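*Asks:* One structure, pasted below without further comment.
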Number of protein chains: 2
Amino acid sequence: MNSDNSSGHISQRFDDELDAVKSQLTEMGGIVEKQVSDAIASLLDADALLAEKVVKKDKSINTLEVSIDEDCALILARRQPAARDLRLVLSIIKTTTDLERIGDEADKMATQAINLAEEGKAPHGYVEIRHIGQHVSKMLSQALDCFVRQDVELALRVAQEDKAVDLEYGTALRAMMTYMIEDPRSITRVMSIMWSLRALERIGDHARNIAEHVIYLVKGDDVRHLGLKKMAEKVHET
Amino acid sequence: MNSDNSSGHISQRFDDELDAVKSQLTEMGGIVEKQVSDAIASLLDADALLAEKVVKKDKSINTLEVSIDEDCALILARRQPAARDLRLVLSIIKTTTDLERIGDEADKMATQAINLAEEGKAPHGYVEIRHIGQHVSKMLSQALDCFVRQDVELALRVAQEDKAVDLEYGTALRAMMTYMIEDPRSITRVMSIMWSLRALERIGDHARNIAEHVIYLVKGDDVRHLGLKKMAEKVHET
């Protein structure tokens with residue numbers, strides 16, 4: 001990860017340690033992104049093999065989470081960072097939690113894909129999975145990007161997108177309920193779609209959380225729970 | 001919160017700051033516990049007024065999360081804690097996230113309770129809500145307790161209970177699917193029960209996370225993702 005953090009610490013080793021932990025986070029982000037796109041693909045194509053790959057791969061995300069958190073604790077203990085460096089370490093610690101949870105949600109989608117590959121595809125819901133899946137994948141990719149570039153404007157846009165995803169999710173859920181009522185034989189399979197939609201909606205929430213951590217890191221303001229309007233004000237404060 | 005942390009820091013003010021943040025965490029835990037029990041009660045009694053109280057109260061949990069995290073960041077910056085003190089601050093930061101998410105899940109249950117109060121109670125599922133609700137509430141209360149008492153044996157039991165909750169949840173879900181298939185007219189209402197069961201299952205996960213933070217705090221080992229057997233070994237290591 002590049003950042004404007006190379007403000008030249010007295011200790012070169014401190015800079016190296018921060019860079020190492022940032023690059024581990026980038027690695028974790030990349031794996032998580034891939035897991036999400038594979039999970040979506042395994043649902044759309046009823047591809048049980050790909051889904052099983054996703055389930056297996058989840059372990060490596062967990063390992064990275066623990067390793068990054070450990071490195072962050074070591075940096076805090078040995079380097080006693082202050083100001084922006086401290087906020088960087090704290091936002092990395094928060095971000096690993098969100099990335100790990102996104103990994104869990106990808107795992108849940110993959111499990112539903114395995115169910116659907118066994119039982120036969122659901123009669124409905126793939127348009128919604130594809131659409132919300134694309135939207136959420138873009139949010140996740142932007143959230144990771146804005147961490148790397150420490151770009152608060154992009155972070156704000158990610159938070160705004162989350163609202164749109166929530167609306168799309170609500171509409172999709174209501175459509176699925178209607179399908180279930182019209183065709184009760186499809187209930188089990190449509191439920192698999194609903195759990196997957198839920199997982200996508202949660203991934204959107206976590207992408208938003210990551211964006212909020214970036215705003216905290218750059219601006220020093222904790223913008224969680226603030227609402228989009230106030231968040232925008234904080235971002236545009238000079 | 002009492003802890004064996006009063007190892008006599010050179011600065012009395014440091015001890016006071018740690019105590020203050022611990023007591024804020026206890027306060028937050030108490031509110032979250034009440035939110036969960038009120039949300040369950042509002043579901044069981046189709047009590048929309050109580051449910052609306054839960055939804056409103058969620059804000060105060062969010063405020064506490066931000067305030068505790070801010071205090072923790074200040075302690076890290078000013079006191080530069082090491083060893084167990086550092087782990088204490090880090091586990092508090094992780095625990096506020098879990099408590100806030102539990103608050104969100106209580107909020108989601110309350111929203112379903114409001115739906116059910118409008119549409120009429122679901123024909124099934126209340127036995128499951130009550131049973132899993134009690135189980136999860138006990139786990140949450142124990143998780144908070146083991147933080148206060150820094151009791152790793154209790155923490156281990158909480159993690160073990162989570163496995164039992166997951167099994168109960170799986171059984172309950174399958175029962176709800178059967179009800180929906182048998183009586184499609186009840187689908188919307190049974191779905192409200194299913195979302196609520198899901199929220200309870202997630203609360204169990206977060207209680208387990210809190211227990212894992214306590215083990216990290218006391219033993220210095222990150223036991224997340226380890227599995228119960230290895231976790232028990234770490235707890236019993238001397």
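Quick note on naming: the chains in the structure tokens go A, B, ... in the order shown, residues restart at 1 in each chain, and ligands are numbered from 1 in order of appearance.
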Define the interface residues of chain A facing chain B as those within 6 Å, counting only C-alpha atoms, and report them as a PDB file with C-alpha atoms, in the first residue's frame.
*Replies:*
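Written file, result.pdb:
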ATOM      1  CA  ALA A  77       3.888  -2.045  22.152  1.00  0.00           C
ATOM      2  CA  GLN A  80       4.092   3.612  20.721  1.00  0.00           C
ATOM      3  CA  ALA A  82       0.944   8.742  18.124  1.00  0.00           C
ATOM      4  CA  ILE A 181     -46.007 -17.513  -1.837  1.00  0.00           C
ATOM      5  CA  PRO A 184     -44.373 -23.002  -2.308  1.00  0.00           C
TER       6      PRO A 184
END
*Asks:* Report as a list of chain:residue names all protein, DNA and RNA residues lying within 8 Å of region 147-162 of chain A, evaluated on only C-alpha atoms, omitting residues in the same chain fewer than 2 positions from it.
*Replies:*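 Close residues of region 147-162 of chain A: A:Met1, A:Asn2, A:Ser3, A:Thr26, A:Met139, A:Gln142, A:Ala143, A:Leu144, A:Asp145, A:Ala164, A:Val165, A:Asp166, A:Gly204, A:Asp205, A:Ala207, A:Arg208, A:Asn209, A:Ile210, A:Ala211, A:Glu212, A:Val214, A:Ile215, A:Val218, A:Leu228, A:Met231, A:Ala232, A:Val235.
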*Asks:* Give me, as a list in words, all polymer residues having an atom no more than 7 Å from region 44-46 of chain B, counting only C-alpha atoms and skipping those fewer than 6 positions away in the same chain.
*Replies:*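 So the residues in contact are Ala113, Leu116, Ala117, Lys121 and Tyr126 of chain B.
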*Asks:* Which is closer to Ala122 (chain B) than all the others in B:Asp47, B:Thr238, B:Ser192, B:Gln24, using only C-alpha atoms?
*Replies:* B:Ser192
*Asks:* Restricting the calculation to only C-alpha atoms: of A:Lys34, A:His124, A:Lys138, A:Arg13, which residue gets closest to Leu173 (chain A)?
*Replies:*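 Answer, going by the shortest atom-to-atom distance: A:His124.
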*Asks:* With only C-alpha atoms as the basis for distance, which of A:His206, A:His213, A:Arg198, A:Lys108 is at the shortest distance from Val55 (chain A)?
*Replies:*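 Of A:His206, A:His213, A:Arg198, A:Lys108, the one nearest Val55 (chain A) is A:Lys108, counting only C-alpha atoms.
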*Asks:* If we count only C-alpha atoms, what is near Leu25 (chain A) at a cut-off of 9 Å, once residues fewer than 4 positions away on the same chain are taken out, given as a PyMOL selection string?
*Replies:* chain A and resi 1+20-21+29-30+64-65+68+92+95-96
*Asks:* Do you know which residues are at most 10 Å from Arg130 (chain B) counting only C-alpha atoms, after dropping those on the same chain fewer than 5 positions away, and could you put them as a list in words?
*Replies:*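 Here the qualifying residues turn out to be Ile40, Ala41, Leu43, Leu44, Gly125, His135, Val136 and Leu197 of chain B.
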*Asks:* Would you mind writing down, as an NGL selection string, each residue of region 6-35 of chain B that DSSP on the backbone assigns to alpha helix (DSSP H)?
*Replies:* :B and (12-35)
*Asks:* One decimal, Å: what's the distance from CA of Gly103 (chain B) over to CA of Glu33 (chain B), could you say?
*Replies:*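 One can read the CA of Gly103 (chain B) to CA of Glu33 (chain B) distance as 8.6 Å.
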*Asks:* Grab the CA of Ser42 (chain A) to CA of Ile193 (chain A) distance for me, in Å with one decimal place.
*Replies:*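 Spanning CA of Ser42 (chain A) to CA of Ile193 (chain A) is a straight-line distance of 12.3 Å.
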*Asks:* Report as a list in words all protein, DNA and RNA residues lying within 12 Å of Lys56 (chain A), evaluated on only C-alpha atoms, omitting residues in the same chain fewer than 2 positions from it.
*Replies:*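 That gives Gln35, Ala39, Leu49, Leu50, Ala51, Glu52, Lys53, Val54, Asp58, Lys59, Ser60, Ile61, Asn62, Gly103, Asp104, Ala106, Asp107, Lys108, Ala110 and Thr111 of chain A.
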